[in-house]
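A.B. asks: To start, I am sharing the structure in question, which I have written as structure tokens.
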Amino acid sequence: MDFNQISLVKVKNENIEQAVYQALELINAASLFSKNNMKIIIKPNILMSKEPERAVTTHPEVVRAVIKWIKLNNHKDIIVAESSGTSSPGATERAFEGSGIKMVCEEENVKWTSFEKTERKEYVIKKPLVFEKFISSPLIEEADLIINIPKIKTHWQCLLTCCIKNMFGTLLLGNKAKTHARFSTQDMFSSALADIYSVSNPQLTVIDGYLCQEGKGPSKGDVVKLDLIMAGYDPVALDSTVCKVIGLNPNDVKYIKKAEEKDLGTSDLSNIQFLGESLSAVSKTFKIPRRRPISVPLPSWLADYMGNVVFRATVKFDPKKCKLCSTCWENCPGDAITPPEIIKKENTPIWNKNKCIFCYCCAELCPYEAVNFKINYVKNIVFSWPGLCFLIIFGTIIGILLWIFL
Ligand code: SF4
Ligand code: SF4
């Protein structure tokens, strides 16, 4: 295997299996099978229970193709493992079922499990950027080979979710919310993602770009049929390449740089050998979420003001869609959502802007797509101290001018 190779293969005539095989063959991925009877963990993206056509989870046929490829290479000890985004008991099992991945595992006769159904193991992170240790499953340590199968989706908070962010799913249920709360800024959360990735550090990644999400991803975006399968070894190069494919500046996705700082790979694509299709042949510009980190150089106080005040979103619950299922308030790491029964008149949950850390868990996890984030720039400016000061100064000047000239 060559760490600097990335394959790009189009899915033709809906034949996902052929595209996956070809992508893996181009990078000679079979060379990873270094001994007999290897224990192999497959880590797809199973954020929640959503049907494959909604493109929230890794497509089950991509998972099936990878399982069949492993079997063709004479390895049978395969476990598909994940911890979904929700912290309610049984959520990951429901997500396995709803995504169609449980059915594929049963048809292919391989084991599947939620990470939280296994034993517990504390992992200490080497040279941490921010995160010293976390609890996960011993499967990560026991595996001879970990294969990451992320999906290409835009993301409200991080702008992209693909290779590096997919391993956030090795944290167990409620720990995800706690991690969001502890590392509440974009910068710290990106560092935490790089730290978490470094523990499992999958040896191989197969990217599901068959059906993707653009816009309000990772769960409420619009579906894009990109018909693309990618494979490679370097997560930083793979995520940087995905950015190029969907028309996103890799510098805007902070965790890519953090992972590079941690020596997990390179974002310099001139070092990468692309195999199969050319980048230009597979590229398609995606709608990128509007809440983007500021990339123009600004004084730090102004960047903080823009990021924390002007671009601050307001959480809105859609009363027509909300089924009061409790997922959002049970999983809110900032304790910023109140169940409506506590405040009698309301028929949706109540959002507390002072407690919200803008982790977007509620929008990611709402099974009914009832949570929206709106940015009211004018209101944000007017109701901030700099905005009020500006209005007072501006009003005073106008008042003085009127007093002088009238
Ligand atoms: S907003 Fe969504 S997650 Fe929250 S209670 Fe309503 S349906 Fe459930
Ligand atoms: S209200 Fe939503 S975005 Fe805010 S802290 Fe809670 S889960 Fe996160």
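Note on naming: chains are A, B, ... as they come in the structure tokens, residues start from 1 per chain, ligands start from 1 in the order shown.
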Considering only C-alpha atoms, return as a PyMOL selection string whatever protein or nucleic-acid residues lie within 8 Å of stretch 39-47 of chain A, sequence-local ones (same chain, fewer than 6 positions apart) excluded.
C.D. replies: chain A and resi 56-58+63+77-86+92+95-96+99+139-140+142-151+166-167+169+365
A.B. asks: Ligand 2: which residues are within 10 Å, counting only C-alpha atoms and all ligand atoms, as a JSON list (two decimals) with C-alpha atoms, in the first residue's frame?
C.D. replies:
```json
[["chain", "number", "residue", "atom", "x", "y", "z"],
["A", 157, "GLN", "CA", -21.10, 23.41, 12.63],
["A", 177, "ALA", "CA", -22.85, 15.61, 24.31],
["A", 180, "HIS", "CA", -19.52, 19.13, 22.75],
["A", 181, "ALA", "CA", -20.09, 20.97, 26.04],
["A", 184, "SER", "CA", -17.63, 24.45, 22.89],
["A", 313, "ALA", "CA", -28.04, 31.46, 15.42],
["A", 314, "THR", "CA", -31.39, 31.17, 17.14],
["A", 315, "VAL", "CA", -32.91, 27.74, 17.69],
["A", 316, "LYS", "CA", -36.49, 27.44, 16.41],
["A", 327, "THR", "CA", -34.74, 13.59, 22.17],
["A", 328, "CYS", "CA", -33.56, 17.22, 22.06],
["A", 329, "TRP", "CA", -33.84, 18.04, 25.78],
["A", 330, "GLU", "CA", -32.52, 14.66, 26.88],
["A", 331, "ASN", "CA", -29.39, 15.13, 24.73],
["A", 332, "CYS", "CA", -28.77, 18.88, 25.08],
["A", 333, "PRO", "CA", -25.29, 19.15, 26.65],
["A", 334, "GLY", "CA", -25.89, 22.75, 27.77],
["A", 335, "ASP", "CA", -29.22, 21.99, 29.48],
["A", 336, "ALA", "CA", -30.58, 24.73, 27.22],
["A", 337, "ILE", "CA", -33.87, 23.07, 26.24],
["A", 338, "THR", "CA", -36.84, 22.89, 28.60],
["A", 349, "PRO", "CA", -39.62, 22.70, 23.68],
["A", 350, "ILE", "CA", -38.29, 26.01, 25.04],
["A", 351, "TRP", "CA", -34.80, 27.19, 24.08],
["A", 352, "ASN", "CA", -32.58, 29.12, 26.51],
["A", 353, "LYS", "CA", -30.11, 31.22, 24.49],
["A", 354, "ASN", "CA", -27.93, 31.94, 27.53],
["A", 355, "LYS", "CA", -27.21, 28.27, 28.14],
["A", 356, "CYS", "CA", -26.91, 27.14, 24.49],
["A", 357, "ILE", "CA", -23.38, 26.24, 23.38],
["A", 358, "PHE", "CA", -24.44, 25.85, 19.70],
["A", 359, "CYS", "CA", -23.32, 22.26, 19.42],
["A", 360, "TYR", "CA", -26.19, 21.55, 16.96],
["A", 361, "CYS", "CA", -26.91, 18.23, 18.66],
["A", 362, "CYS", "CA", -30.64, 19.04, 18.80],
["A", 363, "ALA", "CA", -30.83, 19.68, 15.05],
["A", 364, "GLU", "CA", -28.69, 16.63, 14.29],
["A", 365, "LEU", "CA", -30.70, 14.30, 16.44],
["A", 366, "CYS", "CA", -34.31, 15.41, 16.06],
["A", 371, "VAL", "CA", -35.25, 21.94, 14.82],
["A", 372, "ASN", "CA", -34.07, 24.89, 12.75],
["A", 373, "PHE", "CA", -31.24, 27.35, 13.22]]
```
A.B. asks: Calculated over only C-alpha atoms, which of the candidates A:Gly399, A:Pro235, A:Pro386, A:Gly276 has the smallest distance to A:Lys258?
C.D. replies: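 For A:Lys258, the nearest of the given residues is A:Pro235.
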A.B. asks: Which residues come within 10 Å of A:Ala29, counting only C-alpha atoms, excluding same-chain residues fewer than 6 positions away, as a PyMOL selection string?
C.D. replies: chain A and resi 1-2+21+23+203-205+231-233
A.B. asks: Go ahead and save the picked residues with N, CA and C atoms, as an mmCIF file, in the first residue's frame.
C.D. replies:
```cif
data_model
loop_
_atom_site.group_PDB
_atom_site.id
_atom_site.type_symbol
_atom_site.label_atom_id
_atom_site.label_comp_id
_atom_site.auth_asym_id
_atom_site.auth_seq_id
_atom_site.Cartn_x
_atom_site.Cartn_y
_atom_site.Cartn_z
ATOM 1 N N MET A 1 0.817 -1.208 0.000
ATOM 2 C CA MET A 1 0.000 0.000 0.000
ATOM 3 C C MET A 1 0.858 1.269 0.000
ATOM 4 N N ASP A 2 0.313 2.308 -0.601
ATOM 5 C CA ASP A 2 1.017 3.593 -0.635
ATOM 6 C C ASP A 2 0.112 4.624 0.055
ATOM 7 N N TYR A 21 -15.166 -2.181 -5.292
ATOM 8 C CA TYR A 21 -14.067 -3.117 -5.597
ATOM 9 C C TYR A 21 -12.965 -2.406 -6.373
ATOM 10 N N ALA A 23 -12.297 0.828 -6.553
ATOM 11 C CA ALA A 23 -11.608 1.842 -5.734
ATOM 12 C C ALA A 23 -10.565 1.173 -4.838
ATOM 13 N N GLN A 203 -6.964 2.159 9.446
ATOM 14 C CA GLN A 203 -5.904 1.949 8.449
ATOM 15 C C GLN A 203 -6.423 2.167 7.027
ATOM 16 N N LEU A 204 -7.736 2.064 6.843
ATOM 17 C CA LEU A 204 -8.310 2.181 5.494
ATOM 18 C C LEU A 204 -9.624 2.953 5.565
ATOM 19 N N THR A 205 -9.866 3.799 4.556
ATOM 20 C CA THR A 205 -11.137 4.525 4.490
ATOM 21 C C THR A 205 -11.767 4.318 3.114
ATOM 22 N N ALA A 231 -11.404 5.826 -2.065
ATOM 23 C CA ALA A 231 -10.709 4.990 -1.073
ATOM 24 C C ALA A 231 -9.301 5.524 -0.880
ATOM 25 N N GLY A 232 -8.786 5.354 0.322
ATOM 26 C CA GLY A 232 -7.431 5.827 0.611
ATOM 27 C C GLY A 232 -7.052 5.521 2.046
ATOM 28 N N TYR A 233 -5.872 6.012 2.417
ATOM 29 C CA TYR A 233 -5.329 5.714 3.745
ATOM 30 C C TYR A 233 -5.153 6.961 4.607
#
```
A.B. asks: Between A:Pro202, A:Pro340, A:Pro138, A:Gly209, single out the one closest to ligand 1, counting only C-alpha atoms and all ligand atoms.
C.D. replies: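 Smallest separation from ligand 1 among the options: A:Pro340.
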A.B. asks: For ligand 1, which of A:Asn347, A:Asn37, A:Ser198, A:Asn73 is the closest residue, counting only C-alpha atoms and all ligand atoms?
C.D. replies: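 Closest candidate: A:Asn347.
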A.B. asks: What is the atom CA of A:Ser240-atom CA of A:Ala259 distance in Å, reported with one decimal?
C.D. replies: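 One can read the atom CA of A:Ser240 to atom CA of A:Ala259 distance as 11.1 Å.
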A.B. asks: Using only C-alpha atoms, which of A:Leu238, A:Val223, A:Val124, A:Leu228 sits nearest A:Ile164?
C.D. replies: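 For A:Ile164, the nearest of the given residues is A:Leu238.
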A.B. asks: Report as an NGL selection string: the residues of stretch 55-302 of chain A with a DSSP assignment of helix (DSSP H, G or I), based on the backbone of this structure.
C.D. replies: :A and (60-72 or 91-99 or 101-107 or 115-117 or 139-142 or 163-170 or 174-182 or 186-200 or 235-246 or 250-252 or 254-261 or 269-271 or 279-282 or 300-302)
A.B. asks: So that I can check the secondary structure, give me every residue of stretch 28-207 of chain A assigned strand (DSSP E) by backbone DSSP, as a PyMOL selection string.
C.D. replies: chain A and resi 40-44+78-82+111-114+121-124+133-136+145-149+151-155+159-161+204-207
A.B. asks: Could you dump the residues just selected with C-alpha atoms as a short mmCIF file (atom, residue, chain, number, x, y, z; two decimals), in the first residue's frame?
C.D. replies:
```
data_model
loop_
_atom_site.label_atom_id
_atom_site.label_comp_id
_atom_site.auth_asym_id
_atom_site.auth_seq_id
_atom_site.Cartn_x
_atom_site.Cartn_y
_atom_site.Cartn_z
CA ILE A 40 -11.85 -6.47 11.26
CA ILE A 41 -14.02 -3.60 12.50
CA ILE A 42 -16.11 -1.63 10.02
CA LYS A 43 -17.17 1.82 11.24
CA PRO A 44 -19.92 3.34 9.07
CA ILE A 78 -16.00 -8.95 10.75
CA ILE A 79 -17.91 -6.65 13.13
CA VAL A 80 -19.83 -3.59 12.00
CA ALA A 81 -19.81 -1.21 14.98
CA GLU A 82 -21.12 2.28 15.70
CA LYS A 111 -21.81 -9.43 13.48
CA TRP A 112 -23.03 -5.94 14.24
CA THR A 113 -23.00 -4.09 17.53
CA SER A 114 -23.33 -0.71 19.13
CA LYS A 121 -11.97 0.77 27.97
CA GLU A 122 -10.26 4.06 28.81
CA TYR A 123 -8.06 5.37 26.01
CA VAL A 124 -5.31 7.85 26.86
CA LYS A 133 -8.58 10.54 27.52
CA PHE A 134 -11.99 9.07 26.80
CA ILE A 135 -14.00 5.93 27.39
CA SER A 136 -14.90 3.71 24.45
CA LEU A 145 -7.84 -3.70 10.97
CA ILE A 146 -10.33 -0.81 11.23
CA ILE A 147 -12.11 0.31 8.08
CA ASN A 148 -13.79 3.71 8.21
CA ILE A 149 -16.80 4.11 5.87
CA LYS A 151 -20.41 9.56 4.08
CA ILE A 152 -19.94 12.92 2.35
CA LYS A 153 -22.23 15.48 4.01
CA THR A 154 -22.03 19.17 4.68
CA HIS A 155 -22.30 20.05 8.36
CA LEU A 159 -19.00 22.57 7.38
CA LEU A 160 -17.99 19.01 6.42
CA THR A 161 -18.43 15.61 7.98
CA LEU A 204 -8.31 2.18 5.49
CA THR A 205 -11.14 4.52 4.49
CA VAL A 206 -13.84 3.91 1.89
CA ILE A 207 -15.91 7.04 1.31
#
```
A.B. asks: Return the single residue from A:Ile400, A:Val130, A:Thr118, A:Met48 that is closest to ligand 1, with distances computed using only C-alpha atoms and all ligand atoms.
C.D. replies: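 Looking at the shortest contact to ligand 1, the residue is A:Met48.
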A.B. asks: With distances taken over only C-alpha atoms and all ligand atoms, which of A:Glu369, A:Leu401, A:Ile381, A:Leu279 is nearest to ligand 1?
C.D. replies: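 Counting only C-alpha atoms and all ligand atoms, the residue closest to ligand 1 is A:Glu369.
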A.B. asks: One number please: atom CA of A:Phe131 to atom CA of A:Thr170, in Å, one decimal.
C.D. replies: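 Straight-line distance from atom CA of A:Phe131 to atom CA of A:Thr170 works out to 14.1 Å.
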A.B. asks: Can you pull out the residues contacting A:Lys287? Cut-off 10 Å, using only C-alpha atoms, and skip same-chain residues under 4 positions away; I want them as number ranges by chain.
C.D. replies: A: 154, 213-217, 221-222, 224, 246-248
